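Below: the structure, in structure tokens.
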Amino acid sequence: MYFCHMDELNHINKKSASEVIAALGKRFKEYRIASRLTQKEVSEKSGVSVLTIRRFELGYSYNITMANFISMLKAIDFTDGIADILPEIPVSPYAMAKLEARKPKRVRHGKQS
């Protein structure tokens, strides 16, 4: 369930890092509330201070490291979404064709003596 306006993370390449962090903080707050967790509960589950969580949700980037962010996502049970941050690069059709060309057409076993 998404409550956040999608515009906040659209055109991300035109936004500064602090604007992206602010949008993620707002989005995180909505997920935390949807998970029915307080900032204190997230703090206890993640090991991240309540002050850091509060500041992040208000749009400040103080002490928000990648480790803190991942710990906070785990605390609200959003581990499935972590893999979506950087999905695997799809194999190009050209690379697939090269792999298919190298694939053996049949298997031969040498003569047994």
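Lettering and numbering for the structure tokens are positional, with chains as A, B, ... in the shown order, residues counted from 1 in each chain, and ligands counted from 1 in the shown order.
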
Check your understanding: Out of chain A, which residues get alpha helix (DSSP H) from DSSP, as an MDAnalysis selection string?
Key -> chainID A and resid 17:34 39:46 50:57 66:75 79:82 93:102

Practice item. Using only C-alpha atoms, pick whichever of A:Leu24, A:Ile76, A:Leu51, A:Ile12 has the shortest atom-to-atom distance to A:Leu37. Key: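 Looking only at the distances to A:Leu37, the closest residue turns out to be A:Ile76.
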
Within 10 Å of stretch 31-35 of chain A, which residues of stretch 54-77 of chain A come that close, and what is the closest atom pair and distance in Å for each? Count only C-alpha atoms and give it as CSV.
residue,atom,partner,partner_atom,distance
A:Glu57,CA,A:Arg32,CA,9.9
A:Met72,CA,A:Arg32,CA,9.2
A:Leu73,CA,A:Arg32,CA,8.9
A:Ala75,CA,A:Arg32,CA,8.9
A:Ile76,CA,A:Arg32,CA,6.1
A:Asp77,CA,A:Ser35,CA,8.2

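In terms of minimum interatomic distance to A:Val42, A:Asn68 ranks closest within A:Ser92, A:Asn63, A:Asn68, A:Ser16, counting only C-alpha atoms.
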
Exercise for review: Take atom CA of A:Tyr62 and atom CA of A:Ile21 and report the distance between them in Å, one decimal.
Suggested key: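 Atom-to-atom, atom CA of A:Tyr62 to atom CA of A:Ile21, that is 10.2 Å.
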
Review point. Quick one: distance from atom CA of A:Gly25 to atom CA of A:Phe56 in Å, one decimal?
Key: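 Taking atom CA of A:Gly25 as the start and atom CA of A:Phe56 as the end point, the length is 5.1 Å.
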